[in-house]
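Here the structure is laid out as structure tokens; the discussion comes afterwards.
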Amino acid sequence: MDLRLSKVSSPKSNIALTISGSKSESNRWLILQTLYKNLNIQNLSDSDDSDHLSEVLQSQEDVLDIGHAGTAMRFGTAFFAIQEGREITLTGSDRMKQRPIGILVEALNKLGADISYLEKEGFPPLKIKGKKIKGGKLSIDGSVSSQFLTALLLVAPSFEKGLELHIYDQLTSRPYLEMTVDILKQLGVNLRFEPITTLLKKAADNEELQIINEVVQVQPLLQTALQEARVESDWSSAGYWYSWVAMQEPGYRMHLSFYKNDSLQGDSELVAIYKPLGVATTFDKKGIQLVKVDQELPDTVMLDLTNEPDQAQTIFATCIGLGVNADLTGLHTLKIKETDRIEAMKMVGSRFRESVIKTTDHSIQLHFTAATAFHQEVMVDTYQDHRMAMAFAPLSMKTDVIIKDALVVTKSYKSFYKDLKKVNVSITEI
């Protein structure tokens with residue numbers, strides 16, 4: 001289904017929205033809730049991703065299809081690897097079969113798992129024969145996906161000997177790994193997460209080279225005393241509303257419920273990211289108040305989004321709306337998401353107004369040579385990517401926006417269009 005978002009002439013202010021629980025937190029708790037039966041988790045995400053994961057974890061079928069849900073594939077691979085006596089096939093959509101999982105499979109197999117590929121080496125679908133895993137020491141590349149690391153850590157307390165995980169190379173999306181560590185500690189897991197330093201000597205000049213990696217040590221946990229946990233609302237989804245507020249007139253305000261100042265979510269960095277773009281954030285007992293303030297905008301937004309890659313499309317679209325140049329780096333993981341997000345941003349972003357957009361495998365640059373008008377009607381191809389739809393939707397403040405395959409948003413934010421209507425966006429099916 002395609003939707004037209006008509007250009008907004010009078011956006012409603014002082015609107016209060018409640019976004020469901022963090023998808024990232026929810027998916028971690030869903031794995032742990034299945035492993036430790038006495039857990040009650042409140043405010044779980046209502047996203048398709050979390051729904052898919054929950055269904056997969058509860059299913060007794062031999063063939064499990066997780067569709068586009070990348071988290072369900074990665075977490076599910078680790079979960080079913082430790083289900084002793086269970087044999088399943090884990091598969092997904094055509095795009096899922098193009099997303100690499102070899103690093104995780106290799107790591108689990110080294111620890112004693114029995115996982116094999118049914119089609120292309122290193123990619124789903126997988127044949128998983130569950131068994132008891134002893135655990136032990138393991139080294140893994142931290143630069144590819146933090147979800148591989150999280151998948152290992154979530155099941156590590158179920159290993160007979162626990163896990164000592166050495167992470168080398170640059171750690172991608174560190175806040176997501178820190179979230180996993182914090183949740184495991186809440187559960188009662190005895191865990192250490194710290195850097196380790198290795199000194200190497202170059203043979204030629206005997207010079208010492210210092211290499212700092214990370215190590216996570218996880219002890220086994222048979223049962224937990226924790227009975228209840230509450231998931232904070234999703235900061236990744238809040239980003240679309242930061243973008244919306246940034247494009248308003250000074251004095252515009254809105255409230256988002258169930259956010260906290262000491263968040264586990266890396267995307268809470270939105271508070272700092274959007275401050276130079278004129279959005280002030282105030283925390284209260286119920287959540288956050290966003291206010292558009294009257295201030296001079298920067299000429300260029302320069303951000304390393306290594307820790308917040310999911311915000312790249314949203315920030316990029318905001319800069320298009322404000323006419324601010326952008327230089328966004330740290331995007332190397334975006335090429336293996338639901339689509340190649342860097343190229344998708346370039347393709348769709350170029351349609352809104354005249355600009356120069358340059359990309360590499362890990363960055364995107366947006367440059368305006370002069371103040372340019374918005375084109376009358378812009379089509380947003382979503383490429384089966386929920387964030388493409390939602391990141392560019394706030395540009396309906398500037399022009400008519402047509403969202404192709406608009407229901408893709410249910411992957412993470414089912415009530416998105418309902419919430420858009422609350423701020424007076426006119427939405428029609430076409």
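Residue numbering restarts at 1 for every chain of the structure tokens, chains are lettered A, B, ... in their displayed order, and ligands are numbered from 1 as they appear.
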
Contact residues around A:Leu3 with only C-alpha atoms at 7 Å, ignoring same-chain residues under 5 positions, as a list in words: Ile402, Ile403, Lys404, Ala406, Ile427, Thr428, Glu429 and Ile430 of chain A

I need the alpha helix (DSSP H) residues of stretch 83-285 of chain A per DSSP on the backbone, written as JSON, numbers by chain. {"A": [102, 103, 104, 105, 106, 107, 108, 109, 110, 146, 147, 148, 149, 150, 151, 152, 153, 154, 155, 174, 175, 176, 177, 178, 179, 180, 181, 182, 183, 184, 185, 186, 187, 235, 236, 237, 238, 239, 240, 241, 242, 243, 244, 245, 246, 270, 271, 272, 273]}

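Distance annotation: of A:Gln227, A:Glu84, A:Ala312, A:Phe75, the residue with the minimal separation from A:Lys37 is A:Gln227; atom set is only C-alpha atoms.
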
Residue neighbourhood A:Ser24, 12 Å, only C-alpha atoms, exclusion window fewer than 5 positions, as a count of residues only: 38

If you measure from atom CA of A:Ile133 to atom CA of A:Phe159, what distance in Å do you get, rounded to one decimal?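 About the pair atom CA of A:Ile133 and atom CA of A:Phe159: they are 5.3 Å apart.
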
What are the DSSP strand (DSSP E or B) residues of stretch 154-376 of chain A, as a VMD selection string? chain A and resid 163 to 168 191 to 201 208 to 218 228 to 230 233 253 to 257 279 to 283 287 to 292 300 to 304 325 to 329 353 356 to 359 363 to 367 374

Export of the given selection (C-alpha atoms) as an mmCIF file, in the first residue's frame:
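Okay, this is what ended up in result31.cif:
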```
data_model
loop_
_atom_site.group_PDB
_atom_site.id
_atom_site.type_symbol
_atom_site.label_atom_id
_atom_site.label_comp_id
_atom_site.auth_asym_id
_atom_site.auth_seq_id
_atom_site.Cartn_x
_atom_site.Cartn_y
_atom_site.Cartn_z
ATOM 1 C CA LEU A 163 32.003 -17.597 28.236
ATOM 2 C CA GLU A 164 35.133 -15.485 27.979
ATOM 3 C CA LEU A 165 34.633 -13.380 24.858
ATOM 4 C CA HIS A 166 37.564 -11.444 23.404
ATOM 5 C CA ILE A 167 36.467 -8.727 20.974
ATOM 6 C CA TYR A 168 39.023 -7.431 18.496
ATOM 7 C CA LEU A 191 29.726 -10.571 34.382
ATOM 8 C CA ARG A 192 32.805 -8.454 33.651
ATOM 9 C CA PHE A 193 33.187 -6.154 30.635
ATOM 10 C CA GLU A 194 36.488 -4.317 30.347
ATOM 11 C CA PRO A 195 39.260 -3.360 27.930
ATOM 12 C CA ILE A 196 42.450 -5.395 27.789
ATOM 13 C CA THR A 197 45.791 -4.090 26.575
ATOM 14 C CA THR A 198 48.249 -6.114 24.517
ATOM 15 C CA LEU A 199 51.799 -4.900 23.829
ATOM 16 C CA LEU A 200 53.350 -5.968 20.551
ATOM 17 C CA LYS A 201 56.901 -5.237 19.393
ATOM 18 C CA GLU A 208 56.096 -1.213 21.227
ATOM 19 C CA LEU A 209 52.599 -1.106 19.748
ATOM 20 C CA GLN A 210 49.682 -0.942 22.168
ATOM 21 C CA ILE A 211 46.474 -2.699 21.100
ATOM 22 C CA ILE A 212 43.352 -2.275 23.212
ATOM 23 C CA ASN A 213 40.551 -4.786 22.746
ATOM 24 C CA GLU A 214 37.553 -5.733 24.880
ATOM 25 C CA VAL A 215 36.859 -8.802 26.964
ATOM 26 C CA VAL A 216 33.528 -9.958 28.387
ATOM 27 C CA GLN A 217 33.510 -12.718 31.002
ATOM 28 C CA VAL A 218 30.143 -14.356 31.708
ATOM 29 C CA GLU A 228 9.825 -8.270 36.845
ATOM 30 C CA ALA A 229 11.417 -5.745 34.486
ATOM 31 C CA ARG A 230 10.058 -2.764 32.534
ATOM 32 C CA SER A 233 10.076 3.403 25.273
ATOM 33 C CA ARG A 253 6.394 21.479 21.603
ATOM 34 C CA MET A 254 5.433 17.851 22.094
ATOM 35 C CA HIS A 255 5.715 15.244 24.862
ATOM 36 C CA LEU A 256 6.918 11.644 24.523
ATOM 37 C CA SER A 257 6.119 9.259 27.393
ATOM 38 C CA VAL A 279 15.405 20.973 19.630
ATOM 39 C CA ALA A 280 15.613 21.305 23.413
ATOM 40 C CA THR A 281 14.872 18.242 25.566
ATOM 41 C CA THR A 282 13.562 18.372 29.121
ATOM 42 C CA PHE A 283 13.080 15.234 31.225
ATOM 43 C CA GLY A 287 9.084 11.219 29.827
ATOM 44 C CA ILE A 288 10.545 13.993 27.679
ATOM 45 C CA GLN A 289 9.335 17.391 26.481
ATOM 46 C CA LEU A 290 10.659 18.488 23.082
ATOM 47 C CA VAL A 291 10.618 22.212 22.264
ATOM 48 C CA LYS A 292 11.715 24.006 19.109
ATOM 49 C CA THR A 300 27.248 21.744 8.561
ATOM 50 C CA VAL A 301 26.302 18.847 10.820
ATOM 51 C CA MET A 302 29.341 16.597 11.253
ATOM 52 C CA LEU A 303 28.630 13.356 13.123
ATOM 53 C CA ASP A 304 30.329 10.019 13.656
ATOM 54 C CA ASN A 325 24.911 20.494 5.037
ATOM 55 C CA ALA A 326 25.696 17.080 6.521
ATOM 56 C CA ASP A 327 28.786 14.905 6.831
ATOM 57 C CA LEU A 328 27.780 11.596 8.429
ATOM 58 C CA THR A 329 30.403 8.899 9.026
ATOM 59 C CA ARG A 353 15.616 19.598 -3.556
ATOM 60 C CA VAL A 356 25.101 17.425 -4.027
ATOM 61 C CA ILE A 357 25.204 14.012 -2.313
ATOM 62 C CA LYS A 358 28.384 11.938 -2.135
ATOM 63 C CA THR A 359 28.770 8.499 -0.573
ATOM 64 C CA SER A 363 29.735 7.764 4.936
ATOM 65 C CA ILE A 364 27.357 10.169 3.228
ATOM 66 C CA GLN A 365 27.767 13.879 2.536
ATOM 67 C CA LEU A 366 24.991 16.349 1.757
ATOM 68 C CA HIS A 367 25.883 19.781 0.398
ATOM 69 C CA PHE A 374 11.483 21.828 -2.532
#
```

Shell of 8 Å around stretch 62-64 of chain A, only C-alpha atoms, local chain residues under 6 positions omitted, as a PyMOL selection string: chain A and resi 56+87-91

Pick out the residues sitting within 12 Å of A:Thr333, and hand them over as a list in words; count only C-alpha atoms, and ignore anything fewer than 4 positions along from it in its own chain.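 These residues fall inside the cut-off: Arg99, Pro100, Gly142, Ser143, Val144, Ser145, Ser146, Gln147, Leu171, Thr172, Ser173, Leu305, Thr306, Asn307, Glu308, Pro309, Asp310, Ala312, Thr329, Lys337, Glu338, Thr339, Asp340, Arg341, Ile342, Asp361, His362 and Ser363 of chain A.
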